[in-house]
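K.L.:
Just work_39.pdb, nothing more (PDB, C-alpha atoms and all ligand atoms):
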```
ATOM      1  CA  MET I 221      -3.455 -15.711  22.021  1.00  0.00           C
ATOM      2  CA  ALA I 222      -4.596 -15.050  18.420  1.00  0.00           C
ATOM      3  CA  GLU I 223      -2.248 -15.793  15.526  1.00  0.00           C
ATOM      4  CA  PRO I 224      -0.462 -12.658  14.313  1.00  0.00           C
ATOM      5  CA  LEU I 225      -1.948 -11.162  11.145  1.00  0.00           C
ATOM      6  CA  ARG I 226       0.336 -11.480   8.120  1.00  0.00           C
ATOM      7  CA  ILE I 227       0.378  -8.095   6.400  1.00  0.00           C
ATOM      8  CA  LEU I 228       1.909  -7.566   2.978  1.00  0.00           C
ATOM      9  CA  ALA I 229       2.994  -3.947   2.570  1.00  0.00           C
ATOM     10  CA  PHE I 230       4.002  -2.186  -0.619  1.00  0.00           C
ATOM     11  CA  ALA I 231       4.552   1.355  -1.841  1.00  0.00           C
ATOM     12  CA  GLY I 232       3.499   3.113  -5.016  1.00  0.00           C
ATOM     13  CA  SER I 233       6.879   4.826  -5.335  1.00  0.00           C
ATOM     14  CA  LEU I 234      10.238   3.357  -6.336  1.00  0.00           C
ATOM     15  CA  ARG I 235      12.218   6.416  -5.263  1.00  0.00           C
ATOM     16  CA  ARG I 236      15.079   5.648  -2.865  1.00  0.00           C
ATOM     17  CA  ALA I 237      14.142   8.458  -0.467  1.00  0.00           C
ATOM     18  CA  SER I 238      10.406   8.016  -1.009  1.00  0.00           C
ATOM     19  CA  PHE I 239       8.245   9.463   1.746  1.00  0.00           C
ATOM     20  CA  ASN I 240       5.787   6.646   1.158  1.00  0.00           C
ATOM     21  CA  ARG I 241       8.398   3.965   1.568  1.00  0.00           C
ATOM     22  CA  GLY I 242       9.283   5.880   4.724  1.00  0.00           C
ATOM     23  CA  LEU I 243       5.696   5.454   5.927  1.00  0.00           C
ATOM     24  CA  LEU I 244       6.051   1.692   5.514  1.00  0.00           C
ATOM     25  CA  ARG I 245       9.296   1.676   7.503  1.00  0.00           C
ATOM     26  CA  ALA I 246       7.534   3.626  10.257  1.00  0.00           C
ATOM     27  CA  ALA I 247       4.835   0.940  10.247  1.00  0.00           C
ATOM     28  CA  ILE I 248       7.317  -1.853  10.969  1.00  0.00           C
ATOM     29  CA  GLU I 249       9.979  -0.212  13.149  1.00  0.00           C
ATOM     30  CA  PRO I 250       9.445  -1.333  15.839  1.00  0.00           C
ATOM     31  CA  PRO I 251       7.342  -4.322  14.730  1.00  0.00           C
ATOM     32  CA  PRO I 252       3.629  -3.826  15.448  1.00  0.00           C
ATOM     33  CA  GLU I 253       1.911  -5.970  18.025  1.00  0.00           C
ATOM     34  CA  GLY I 254      -0.364  -8.635  16.575  1.00  0.00           C
ATOM     35  CA  ALA I 255       1.049  -8.611  13.045  1.00  0.00           C
ATOM     36  CA  ILE I 256       3.980  -9.744  10.952  1.00  0.00           C
ATOM     37  CA  VAL I 257       4.622  -7.262   8.145  1.00  0.00           C
ATOM     38  CA  GLU I 258       6.492  -8.174   4.957  1.00  0.00           C
ATOM     39  CA  VAL I 259       7.438  -5.329   2.612  1.00  0.00           C
ATOM     40  CA  PHE I 260       7.291  -6.181  -1.094  1.00  0.00           C
ATOM     41  CA  ASP I 261       9.278  -4.112  -3.607  1.00  0.00           C
ATOM     42  CA  LEU I 262       7.292  -3.452  -6.789  1.00  0.00           C
ATOM     43  CA  ALA I 263      10.405  -2.417  -8.791  1.00  0.00           C
ATOM     44  CA  PRO I 264      10.978  -5.779 -10.576  1.00  0.00           C
ATOM     45  CA  ILE I 265       7.378  -6.020 -11.821  1.00  0.00           C
ATOM     46  CA  PRO I 266       7.309  -5.470 -15.599  1.00  0.00           C
ATOM     47  CA  LEU I 267       4.704  -3.457 -17.464  1.00  0.00           C
ATOM     48  CA  TYR I 268       1.486  -5.366 -17.971  1.00  0.00           C
ATOM     49  CA  ASN I 269       1.285  -7.217 -21.267  1.00  0.00           C
ATOM     50  CA  GLU I 270      -1.471  -9.708 -21.991  1.00  0.00           C
ATOM     51  CA  ASP I 271       0.776 -11.546 -24.481  1.00  0.00           C
ATOM     52  CA  VAL I 272       3.319 -12.100 -21.706  1.00  0.00           C
ATOM     53  CA  ARG I 273       0.619 -13.235 -19.299  1.00  0.00           C
ATOM     54  CA  ALA I 274      -0.595 -15.748 -21.874  1.00  0.00           C
ATOM     55  CA  GLN I 275       2.810 -17.439 -21.588  1.00  0.00           C
ATOM     56  CA  GLY I 276       2.734 -17.465 -17.769  1.00  0.00           C
ATOM     57  CA  TYR I 277       3.294 -14.925 -15.062  1.00  0.00           C
ATOM     58  CA  PRO I 278       6.854 -13.523 -14.969  1.00  0.00           C
ATOM     59  CA  PRO I 279       8.635 -14.574 -11.734  1.00  0.00           C
ATOM     60  CA  PRO I 280       8.338 -11.165  -9.963  1.00  0.00           C
ATOM     61  CA  VAL I 281       4.608 -11.101 -10.741  1.00  0.00           C
ATOM     62  CA  ALA I 282       4.151 -14.686  -9.577  1.00  0.00           C
ATOM     63  CA  ALA I 283       5.983 -13.796  -6.351  1.00  0.00           C
ATOM     64  CA  PHE I 284       3.767 -10.751  -5.826  1.00  0.00           C
ATOM     65  CA  ARG I 285       0.583 -12.726  -6.407  1.00  0.00           C
ATOM     66  CA  ALA I 286       1.736 -15.497  -4.063  1.00  0.00           C
ATOM     67  CA  ALA I 287       2.648 -12.973  -1.367  1.00  0.00           C
ATOM     68  CA  ILE I 288      -0.792 -11.375  -1.622  1.00  0.00           C
ATOM     69  CA  ALA I 289      -2.471 -14.768  -1.454  1.00  0.00           C
ATOM     70  CA  ALA I 290      -0.475 -15.717   1.653  1.00  0.00           C
ATOM     71  CA  ALA I 291      -1.223 -12.435   3.424  1.00  0.00           C
ATOM     72  CA  GLY I 292      -4.179 -11.841   5.700  1.00  0.00           C
ATOM     73  CA  ALA I 293      -4.227  -8.136   4.823  1.00  0.00           C
ATOM     74  CA  LEU I 294      -2.479  -5.543   2.688  1.00  0.00           C
ATOM     75  CA  LEU I 295      -1.008  -2.176   3.625  1.00  0.00           C
ATOM     76  CA  ILE I 296      -0.463   0.238   0.731  1.00  0.00           C
ATOM     77  CA  ALA I 297       1.441   3.516   1.009  1.00  0.00           C
ATOM     78  CA  SER I 298       1.308   5.563  -2.139  1.00  0.00           C
ATOM     79  CA  PRO I 299       1.871   9.007  -3.543  1.00  0.00           C
ATOM     80  CA  GLU I 300      -0.636  10.643  -5.837  1.00  0.00           C
ATOM     81  CA  ASN I 301       0.394  11.271  -9.437  1.00  0.00           C
ATOM     82  CA  ASN I 302      -1.663  13.741 -11.427  1.00  0.00           C
ATOM     83  CA  TYR I 303      -4.539  13.343  -8.990  1.00  0.00           C
ATOM     84  CA  SER I 304      -4.569   9.548  -9.347  1.00  0.00           C
ATOM     85  CA  VAL I 305      -2.868   6.212  -8.654  1.00  0.00           C
ATOM     86  CA  PRO I 306       0.805   6.090  -9.761  1.00  0.00           C
ATOM     87  CA  GLY I 307       1.426   3.808 -12.726  1.00  0.00           C
ATOM     88  CA  VAL I 308       3.807   1.653 -10.683  1.00  0.00           C
ATOM     89  CA  LEU I 309       1.044   0.742  -8.255  1.00  0.00           C
ATOM     90  CA  LYS I 310      -1.786   0.455 -10.789  1.00  0.00           C
ATOM     91  CA  ASN I 311       0.380  -1.781 -12.965  1.00  0.00           C
ATOM     92  CA  ALA I 312       1.133  -4.127 -10.063  1.00  0.00           C
ATOM     93  CA  ILE I 313      -2.542  -4.300  -9.104  1.00  0.00           C
ATOM     94  CA  ASP I 314      -3.469  -5.007 -12.730  1.00  0.00           C
ATOM     95  CA  TRP I 315      -1.095  -8.006 -12.783  1.00  0.00           C
ATOM     96  CA  ALA I 316      -2.480  -9.241  -9.469  1.00  0.00           C
ATOM     97  CA  SER I 317      -6.073  -8.850 -10.619  1.00  0.00           C
ATOM     98  CA  ARG I 318      -5.937 -11.465 -13.375  1.00  0.00           C
ATOM     99  CA  PRO I 319      -7.082 -15.107 -13.112  1.00  0.00           C
ATOM    100  CA  PRO I 320      -6.720 -17.763 -11.910  1.00  0.00           C
ATOM    101  CA  ASP I 321      -7.332 -17.414  -8.179  1.00  0.00           C
ATOM    102  CA  GLN I 322      -7.373 -13.612  -8.177  1.00  0.00           C
ATOM    103  CA  PRO I 323      -5.628 -13.006  -4.835  1.00  0.00           C
ATOM    104  CA  LEU I 324      -6.996  -9.513  -4.128  1.00  0.00           C
ATOM    105  CA  ARG I 325     -10.598 -10.673  -3.779  1.00  0.00           C
ATOM    106  CA  ALA I 326     -11.955 -10.251  -0.220  1.00  0.00           C
ATOM    107  CA  LYS I 327      -8.549  -9.063   1.014  1.00  0.00           C
ATOM    108  CA  PRO I 328      -8.624  -6.422   3.788  1.00  0.00           C
ATOM    109  CA  VAL I 329      -6.576  -3.409   2.704  1.00  0.00           C
ATOM    110  CA  ALA I 330      -5.473  -0.234   4.457  1.00  0.00           C
ATOM    111  CA  ILE I 331      -4.213   2.675   2.392  1.00  0.00           C
ATOM    112  CA  MET I 332      -2.165   5.685   3.394  1.00  0.00           C
ATOM    113  CA  GLY I 333      -0.156   8.240   1.521  1.00  0.00           C
ATOM    114  CA  ALA I 334       2.333  11.062   1.742  1.00  0.00           C
ATOM    115  CA  SER I 335       2.968  13.967  -0.576  1.00  0.00           C
ATOM    116  CA  ASN I 336       4.998  17.125  -0.490  1.00  0.00           C
ATOM    117  CA  GLY I 337       1.886  19.163  -1.242  1.00  0.00           C
ATOM    118  CA  GLY I 338      -0.922  20.267   1.020  1.00  0.00           C
ATOM    119  CA  PHE I 339      -3.545  17.628   0.284  1.00  0.00           C
ATOM    120  CA  GLY I 340      -1.644  14.518   1.333  1.00  0.00           C
ATOM    121  CA  THR I 341      -2.816  12.233  -1.545  1.00  0.00           C
ATOM    122  CA  VAL I 342      -6.538  12.778  -0.948  1.00  0.00           C
ATOM    123  CA  ARG I 343      -7.432  12.421  -4.625  1.00  0.00           C
ATOM    124  CA  GLY I 344      -4.986   9.568  -5.233  1.00  0.00           C
ATOM    125  CA  GLN I 345      -6.449   7.565  -2.350  1.00  0.00           C
ATOM    126  CA  ALA I 346      -9.976   8.155  -3.632  1.00  0.00           C
ATOM    127  CA  ALA I 347      -8.877   6.839  -7.032  1.00  0.00           C
ATOM    128  CA  LEU I 348      -7.192   3.841  -5.407  1.00  0.00           C
ATOM    129  CA  ARG I 349     -10.418   2.979  -3.587  1.00  0.00           C
ATOM    130  CA  VAL I 350     -12.177   2.705  -6.963  1.00  0.00           C
ATOM    131  CA  VAL I 351      -9.489   0.298  -8.186  1.00  0.00           C
ATOM    132  CA  LEU I 352      -9.768  -1.772  -5.008  1.00  0.00           C
ATOM    133  CA  GLN I 353     -13.518  -1.947  -5.540  1.00  0.00           C
ATOM    134  CA  ALA I 354     -12.931  -3.315  -9.044  1.00  0.00           C
ATOM    135  CA  VAL I 355     -10.739  -6.118  -7.699  1.00  0.00           C
ATOM    136  CA  GLU I 356     -13.196  -6.800  -4.839  1.00  0.00           C
ATOM    137  CA  SER I 357     -10.794  -6.018  -2.018  1.00  0.00           C
ATOM    138  CA  TYR I 358     -12.190  -4.757   1.269  1.00  0.00           C
ATOM    139  CA  ALA I 359     -10.642  -1.318   1.668  1.00  0.00           C
ATOM    140  CA  MET I 360     -10.732  -0.107   5.275  1.00  0.00           C
ATOM    141  CA  PRO I 361     -13.188   2.816   5.197  1.00  0.00           C
ATOM    142  CA  LYS I 362     -11.729   4.664   8.179  1.00  0.00           C
ATOM    143  CA  PRO I 363      -9.443   5.867   9.631  1.00  0.00           C
ATOM    144  CA  GLU I 364      -7.875   7.627   6.664  1.00  0.00           C
ATOM    145  CA  LEU I 365      -4.267   8.765   6.732  1.00  0.00           C
ATOM    146  CA  PHE I 366      -3.120  11.676   4.580  1.00  0.00           C
ATOM    147  CA  VAL I 367       0.394  12.973   5.212  1.00  0.00           C
ATOM    148  CA  SER I 368       0.880  16.410   3.674  1.00  0.00           C
ATOM    149  CA  ARG I 369       4.138  18.367   3.452  1.00  0.00           C
ATOM    150  CA  ALA I 370       6.026  15.146   4.067  1.00  0.00           C
ATOM    151  CA  GLN I 371       9.339  16.879   3.458  1.00  0.00           C
ATOM    152  CA  ASP I 372       8.837  18.720   6.765  1.00  0.00           C
ATOM    153  CA  LEU I 373       8.165  15.441   8.590  1.00  0.00           C
ATOM    154  CA  SER I 374      10.950  13.305   7.121  1.00  0.00           C
ATOM    155  CA  ASP I 375      14.725  13.285   6.819  1.00  0.00           C
ATOM    156  CA  SER I 376      16.651  13.367   3.541  1.00  0.00           C
ATOM    157  CA  ASP I 377      16.455   9.557   3.252  1.00  0.00           C
ATOM    158  CA  GLY I 378      12.664   9.600   3.467  1.00  0.00           C
ATOM    159  CA  ASN I 379      12.563   8.341   7.045  1.00  0.00           C
ATOM    160  CA  LEU I 380       9.508   9.629   8.849  1.00  0.00           C
ATOM    161  CA  THR I 381      10.897  11.626  11.767  1.00  0.00           C
ATOM    162  CA  ASP I 382       7.790  13.365  13.078  1.00  0.00           C
ATOM    163  CA  ALA I 383       6.678  11.561  16.244  1.00  0.00           C
ATOM    164  CA  ALA I 384       2.984  12.458  15.933  1.00  0.00           C
ATOM    165  CA  THR I 385       2.821  11.172  12.333  1.00  0.00           C
ATOM    166  CA  ARG I 386       4.707   8.011  13.260  1.00  0.00           C
ATOM    167  CA  GLU I 387       2.063   7.434  15.919  1.00  0.00           C
ATOM    168  CA  LYS I 388      -0.694   7.872  13.299  1.00  0.00           C
ATOM    169  CA  VAL I 389       0.983   5.289  11.063  1.00  0.00           C
ATOM    170  CA  ARG I 390       1.155   2.826  13.908  1.00  0.00           C
ATOM    171  CA  ALA I 391      -2.499   3.488  14.786  1.00  0.00           C
ATOM    172  CA  HIS I 392      -3.329   2.828  11.121  1.00  0.00           C
ATOM    173  CA  VAL I 393      -1.723  -0.609  11.307  1.00  0.00           C
ATOM    174  CA  ALA I 394      -3.627  -1.333  14.526  1.00  0.00           C
ATOM    175  CA  ALA I 395      -6.851  -0.280  12.773  1.00  0.00           C
ATOM    176  CA  LEU I 396      -6.059  -2.641   9.875  1.00  0.00           C
ATOM    177  CA  ILE I 397      -5.562  -5.513  12.311  1.00  0.00           C
ATOM    178  CA  ALA I 398      -8.968  -4.717  13.840  1.00  0.00           C
ATOM    179  CA  TRP I 399     -10.567  -4.349  10.371  1.00  0.00           C
ATOM    180  CA  ALA I 400      -9.273  -7.757   9.285  1.00  0.00           C
ATOM    181  CA  ALA I 401     -10.554  -9.310  12.517  1.00  0.00           C
ATOM    182  CA  ARG I 402     -13.990  -7.743  11.995  1.00  0.00           C
ATOM    183  CA  LEU I 403     -14.168  -9.134   8.460  1.00  0.00           C
ATOM    184  CA  ARG I 404     -13.152 -12.594   9.682  1.00  0.00           C
ATOM    185  CA  ALA I 405     -15.845 -12.428  12.357  1.00  0.00           C
ATOM    186  CA  GLY I 406     -18.416 -11.168   9.845  1.00  0.00           C
ATOM    187  CA  VAL I 407     -19.390  -8.063  11.826  1.00  0.00           C
TER     188      VAL I 407
HETATM  189  C1  LIG I 501       4.330  12.595 -12.360  1.00  0.00           C
HETATM  190  C2  LIG I 501       4.052  13.185 -10.999  1.00  0.00           C
HETATM  191  C3  LIG I 501       2.808  13.655 -10.707  1.00  0.00           C
HETATM  192  C4  LIG I 501       2.524  14.195  -9.450  1.00  0.00           C
HETATM  193  N1  LIG I 501       1.263  14.575  -9.168  1.00  0.00           N
HETATM  194  C5  LIG I 501       0.951  14.947  -7.918  1.00  0.00           C
HETATM  195  C6  LIG I 501      -0.398  15.201  -7.562  1.00  0.00           C
HETATM  196  O1  LIG I 501      -1.316  15.111  -8.356  1.00  0.00           O
HETATM  197  N2  LIG I 501      -0.668  15.543  -6.270  1.00  0.00           N
HETATM  198  C7  LIG I 501       0.346  15.654  -5.338  1.00  0.00           C
HETATM  199  O2  LIG I 501       0.049  15.950  -4.174  1.00  0.00           O
HETATM  200  N3  LIG I 501       1.628  15.429  -5.658  1.00  0.00           N
HETATM  201  C8  LIG I 501       1.949  15.071  -6.913  1.00  0.00           C
HETATM  202  N4  LIG I 501       3.252  14.795  -7.236  1.00  0.00           N
HETATM  203  C9  LIG I 501       4.283  14.972  -6.231  1.00  0.00           C
HETATM  204  C10 LIG I 501       4.489  13.690  -5.434  1.00  0.00           C
HETATM  205  O3  LIG I 501       3.407  13.469  -4.574  1.00  0.00           O
HETATM  206  C11 LIG I 501       5.733  13.801  -4.603  1.00  0.00           C
HETATM  207  O4  LIG I 501       6.836  13.856  -5.489  1.00  0.00           O
HETATM  208  C12 LIG I 501       5.902  12.673  -3.631  1.00  0.00           C
HETATM  209  O5  LIG I 501       6.929  12.971  -2.762  1.00  0.00           O
HETATM  210  C13 LIG I 501       6.214  11.363  -4.336  1.00  0.00           C
HETATM  211  O6  LIG I 501       6.135  10.310  -3.413  1.00  0.00           O
HETATM  212  P1  LIG I 501       7.432   9.609  -2.794  1.00  0.00           P
HETATM  213  O7  LIG I 501       8.099  10.620  -1.907  1.00  0.00           O
HETATM  214  O8  LIG I 501       6.890   8.457  -2.032  1.00  0.00           O
HETATM  215  O9  LIG I 501       8.326   9.222  -3.934  1.00  0.00           O
HETATM  216  C14 LIG I 501       3.550  14.289  -8.491  1.00  0.00           C
HETATM  217  C15 LIG I 501       4.833  13.809  -8.803  1.00  0.00           C
HETATM  218  C16 LIG I 501       5.073  13.255 -10.033  1.00  0.00           C
HETATM  219  C17 LIG I 501       6.452  12.709 -10.323  1.00  0.00           C
END
```
What's the structure tokens form of this structure?
Ligand SMILES: Cc1cc2nc3c(=O)[nH]c(=O)nc-3n(C[C@H](O)[C@H](O)[C@H](O)COP(=O)(O)O)c2cc1C
P.N.:
Amino acid sequence: MAEPLRILAFAGSLRRASFNRGLLRAAIEPPPEGAIVEVFDLAPIPLYNEDVRAQGYPPPVAAFRAAIAAAGALLIASPENNYSVPGVLKNAIDWASRPPDQPLRAKPVAIMGASNGGFGTVRGQAALRVVLQAVESYAMPKPELFVSRAQDLSDSDGNLTDAATREKVRAHVAALIAWAARLRAGV
């Protein structure tokens, strides 16, 4: 049997009852077959500052970079802020994108997102794909997963309660596992 894929998952929202953090919980409860998913909290990551980096990566940044490096794939769940990538997420990616041993290069990545509006983070995901191109990650082209009107699909703690959407999240993780395997096999 193949080794399980190590997936590092993180959300572009710090909100306690975040719908996007709820998507990540739906991805790991129950644990997916063929993968071990670790959820990384971006809250302790400071704002990017080149002067700080020059003195060495702060411990939360070093931990994030090491977790990315150790992972076989990434799973990102993010809202869309003003049609783009939330600062929390962009900031974390900026820290991870710096030398040495830039850990995002050639990393398979699946993205998904939830919003309380009708477009389900379509523009934010498109913007995130541009960022992932810059850092040379391999963003899974399809399937895409846009969760609109998340407040109707979640409870007050941000837990995804809608069975059909939970199934889509789980299918997304399965697609990421297949995407990572395809990249490893070079097909
Ligand atoms: C500063 C800001 C900008 C936002 N811009 C958008 C937007 O462009 N498109 C959208 O669909 N929702 C937008 N929203 C609404 C968020 O998508 C919504 O609050 C979402 O639930 C946040 O994700 P979370 O539940 O994971 O915290 C914005 C929210 C904030 C705070």
K.L.:
Taking only residues of chain I that have an atom at most 12 Å from an atom of ligand LIG 501 (chain I), what is each one's shortest atom pair and its distance in Å to one decimal, using all atoms listed in the file, in chain and number order, as a tab-separated table?
P.N.:
```
residue	atom	partner	partner_atom	distance
I:Phe230	CA	I:LIG501	O8	11.1
I:Ala231	CA	I:LIG501	O8	7.5
I:Gly232	CA	I:LIG501	O8	7.0
I:Ser233	CA	I:LIG501	O9	4.8
I:Leu234	CA	I:LIG501	O9	6.6
I:Arg235	CA	I:LIG501	O9	5.0
I:Arg236	CA	I:LIG501	O9	7.7
I:Ala237	CA	I:LIG501	O7	6.6
I:Ser238	CA	I:LIG501	O7	3.6
I:Phe239	CA	I:LIG501	O7	3.8
I:Asn240	CA	I:LIG501	O8	3.8
I:Arg241	CA	I:LIG501	O8	6.0
I:Gly242	CA	I:LIG501	O8	7.6
I:Leu243	CA	I:LIG501	O8	8.6
I:Leu244	CA	I:LIG501	O8	10.2
I:Arg245	CA	I:LIG501	O8	11.9
I:Ile296	CA	I:LIG501	O8	11.4
I:Ala297	CA	I:LIG501	O8	8.0
I:Ser298	CA	I:LIG501	O8	6.3
I:Pro299	CA	I:LIG501	O6	4.5
I:Glu300	CA	I:LIG501	C6	4.9
I:Asn301	CA	I:LIG501	N1	3.4
I:Asn302	CA	I:LIG501	O1	3.4
I:Tyr303	CA	I:LIG501	O1	3.7
I:Ser304	CA	I:LIG501	O1	6.5
I:Val305	CA	I:LIG501	O1	9.0
I:Pro306	CA	I:LIG501	C1	7.8
I:Gly307	CA	I:LIG501	C1	9.3
I:Val308	CA	I:LIG501	C1	11.1
I:Leu309	CA	I:LIG501	O8	11.5
I:Met332	CA	I:LIG501	O8	10.9
I:Gly333	CA	I:LIG501	O8	7.9
I:Ala334	CA	I:LIG501	O6	6.4
I:Ser335	CA	I:LIG501	O3	4.1
I:Asn336	CA	I:LIG501	O5	5.1
I:Gly337	CA	I:LIG501	O2	4.7
I:Gly338	CA	I:LIG501	O2	6.8
I:Phe339	CA	I:LIG501	O2	6.0
I:Gly340	CA	I:LIG501	O2	5.9
I:Thr341	CA	I:LIG501	O2	5.4
I:Val342	CA	I:LIG501	O2	8.0
I:Arg343	CA	I:LIG501	N2	7.6
I:Gly344	CA	I:LIG501	O1	7.3
I:Gln345	CA	I:LIG501	N2	10.6
I:Ala347	CA	I:LIG501	O1	11.3
I:Phe366	CA	I:LIG501	O2	10.2
I:Val367	CA	I:LIG501	O2	9.9
I:Ser368	CA	I:LIG501	O2	7.9
I:Arg369	CA	I:LIG501	O5	8.7
I:Ala370	CA	I:LIG501	O5	7.2
I:Gln371	CA	I:LIG501	O5	7.7
I:Asp372	CA	I:LIG501	O5	11.3
I:Leu373	CA	I:LIG501	O7	11.6
I:Ser374	CA	I:LIG501	O7	9.8
I:Asp375	CA	I:LIG501	O7	11.3
I:Ser376	CA	I:LIG501	O7	10.5
I:Asp377	CA	I:LIG501	O7	9.9
I:Gly378	CA	I:LIG501	O7	7.1
I:Asn379	CA	I:LIG501	O7	10.3
I:Leu380	CA	I:LIG501	O7	10.9
```
K.L.:
Could you save those same residues with C-alpha atoms as a JSON list (two decimals), keeping the file's coordinate frame?
P.N.:
```json
[["chain", "number", "residue", "atom", "x", "y", "z"],
["I", 230, "PHE", "CA", 4.00, -2.19, -0.62],
["I", 231, "ALA", "CA", 4.55, 1.36, -1.84],
["I", 232, "GLY", "CA", 3.50, 3.11, -5.02],
["I", 233, "SER", "CA", 6.88, 4.83, -5.34],
["I", 234, "LEU", "CA", 10.24, 3.36, -6.34],
["I", 235, "ARG", "CA", 12.22, 6.42, -5.26],
["I", 236, "ARG", "CA", 15.08, 5.65, -2.86],
["I", 237, "ALA", "CA", 14.14, 8.46, -0.47],
["I", 238, "SER", "CA", 10.41, 8.02, -1.01],
["I", 239, "PHE", "CA", 8.24, 9.46, 1.75],
["I", 240, "ASN", "CA", 5.79, 6.65, 1.16],
["I", 241, "ARG", "CA", 8.40, 3.96, 1.57],
["I", 242, "GLY", "CA", 9.28, 5.88, 4.72],
["I", 243, "LEU", "CA", 5.70, 5.45, 5.93],
["I", 244, "LEU", "CA", 6.05, 1.69, 5.51],
["I", 245, "ARG", "CA", 9.30, 1.68, 7.50],
["I", 296, "ILE", "CA", -0.46, 0.24, 0.73],
["I", 297, "ALA", "CA", 1.44, 3.52, 1.01],
["I", 298, "SER", "CA", 1.31, 5.56, -2.14],
["I", 299, "PRO", "CA", 1.87, 9.01, -3.54],
["I", 300, "GLU", "CA", -0.64, 10.64, -5.84],
["I", 301, "ASN", "CA", 0.39, 11.27, -9.44],
["I", 302, "ASN", "CA", -1.66, 13.74, -11.43],
["I", 303, "TYR", "CA", -4.54, 13.34, -8.99],
["I", 304, "SER", "CA", -4.57, 9.55, -9.35],
["I", 305, "VAL", "CA", -2.87, 6.21, -8.65],
["I", 306, "PRO", "CA", 0.80, 6.09, -9.76],
["I", 307, "GLY", "CA", 1.43, 3.81, -12.73],
["I", 308, "VAL", "CA", 3.81, 1.65, -10.68],
["I", 309, "LEU", "CA", 1.04, 0.74, -8.26],
["I", 332, "MET", "CA", -2.16, 5.68, 3.39],
["I", 333, "GLY", "CA", -0.16, 8.24, 1.52],
["I", 334, "ALA", "CA", 2.33, 11.06, 1.74],
["I", 335, "SER", "CA", 2.97, 13.97, -0.58],
["I", 336, "ASN", "CA", 5.00, 17.12, -0.49],
["I", 337, "GLY", "CA", 1.89, 19.16, -1.24],
["I", 338, "GLY", "CA", -0.92, 20.27, 1.02],
["I", 339, "PHE", "CA", -3.54, 17.63, 0.28],
["I", 340, "GLY", "CA", -1.64, 14.52, 1.33],
["I", 341, "THR", "CA", -2.82, 12.23, -1.54],
["I", 342, "VAL", "CA", -6.54, 12.78, -0.95],
["I", 343, "ARG", "CA", -7.43, 12.42, -4.62],
["I", 344, "GLY", "CA", -4.99, 9.57, -5.23],
["I", 345, "GLN", "CA", -6.45, 7.56, -2.35],
["I", 347, "ALA", "CA", -8.88, 6.84, -7.03],
["I", 366, "PHE", "CA", -3.12, 11.68, 4.58],
["I", 367, "VAL", "CA", 0.39, 12.97, 5.21],
["I", 368, "SER", "CA", 0.88, 16.41, 3.67],
["I", 369, "ARG", "CA", 4.14, 18.37, 3.45],
["I", 370, "ALA", "CA", 6.03, 15.15, 4.07],
["I", 371, "GLN", "CA", 9.34, 16.88, 3.46],
["I", 372, "ASP", "CA", 8.84, 18.72, 6.76],
["I", 373, "LEU", "CA", 8.16, 15.44, 8.59],
["I", 374, "SER", "CA", 10.95, 13.30, 7.12],
["I", 375, "ASP", "CA", 14.72, 13.28, 6.82],
["I", 376, "SER", "CA", 16.65, 13.37, 3.54],
["I", 377, "ASP", "CA", 16.45, 9.56, 3.25],
["I", 378, "GLY", "CA", 12.66, 9.60, 3.47],
["I", 379, "ASN", "CA", 12.56, 8.34, 7.04],
["I", 380, "LEU", "CA", 9.51, 9.63, 8.85]]
```
K.L.:
Using all atoms listed in the file, which of I:Ile227, I:Ala359, I:Ala384, I:Ala274 sits nearest Gly254 of chain I?
P.N.:
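Counting all atoms listed in the file, the residue closest to Gly254 of chain I is I:Ile227.
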K.L.:
Can you give me, as JSON, numbers by chain, the residues this file yields under the PyMOL selection byres (((chain I and resi 315) around 10) and not hetatm)?
P.N.:
{"I": [265, 266, 267, 268, 269, 270, 273, 277, 278, 281, 282, 284, 285, 310, 311, 312, 313, 314, 316, 317, 318, 319, 322]}
K.L.:
Place a sphere of radius 9 Å on (-7.5, -6.4, 9.9) in the file coordinates and name every protein, DNA or RNA residue with an atom inside or on its surface, counting only C-alpha atoms; give the answer as a count of residues only.
P.N.:
21
K.L.:
So, with all atoms listed in the file as the atoms that count, which of I:Ile331, I:Ala286, I:Ala405, I:Ala354 lies closest to Val389 of chain I?
P.N.:
I:Ile331
K.L.:
Could you work out how far atom CA of His392 of chain I lies from atom CA of Lys362 of chain I, giving the answer in Å with one decimal?
P.N.:
9.1 Å
K.L.:
State, in Å with one decimal place, the distance from atom CA of Pro224 of chain I to atom CA of Ala255 of chain I.
P.N.:
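Separating atom CA of Pro224 of chain I from atom CA of Ala255 of chain I is a distance of 4.5 Å.
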K.L.:
As an exercise, work out the distance from atom CA of Ala291 of chain I to atom CA of Arg325 of chain I in Å and give it to one decimal place.
P.N.:
12.0 Å
K.L.:
Where atoms are absent from segment 271-276 of chain I, fill them in so it carries N, CA and C atoms, then output it as a compact mmCIF listing (two decimals), keeping the file's coordinate frame.
P.N.:
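Output saved as rebuild.txt:
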```txt
# COMPACT_ATOMS: atom_id res chain seq x y z
N ASP I 271 0.04 -10.50 -23.74
CA ASP I 271 0.78 -11.55 -24.48
C ASP I 271 1.76 -12.27 -23.56
N VAL I 272 2.39 -11.50 -22.68
CA VAL I 272 3.32 -12.10 -21.71
C VAL I 272 2.54 -12.97 -20.73
N ARG I 273 1.42 -12.46 -20.25
CA ARG I 273 0.62 -13.24 -19.30
C ARG I 273 0.17 -14.57 -19.92
N ALA I 274 -0.13 -14.53 -21.20
CA ALA I 274 -0.60 -15.75 -21.87
C ALA I 274 0.46 -16.85 -21.83
N GLN I 275 1.72 -16.44 -21.66
CA GLN I 275 2.81 -17.44 -21.59
C GLN I 275 3.16 -17.79 -20.15
N GLY I 276 2.47 -17.20 -19.19
CA GLY I 276 2.73 -17.46 -17.77
C GLY I 276 3.23 -16.22 -17.08
```
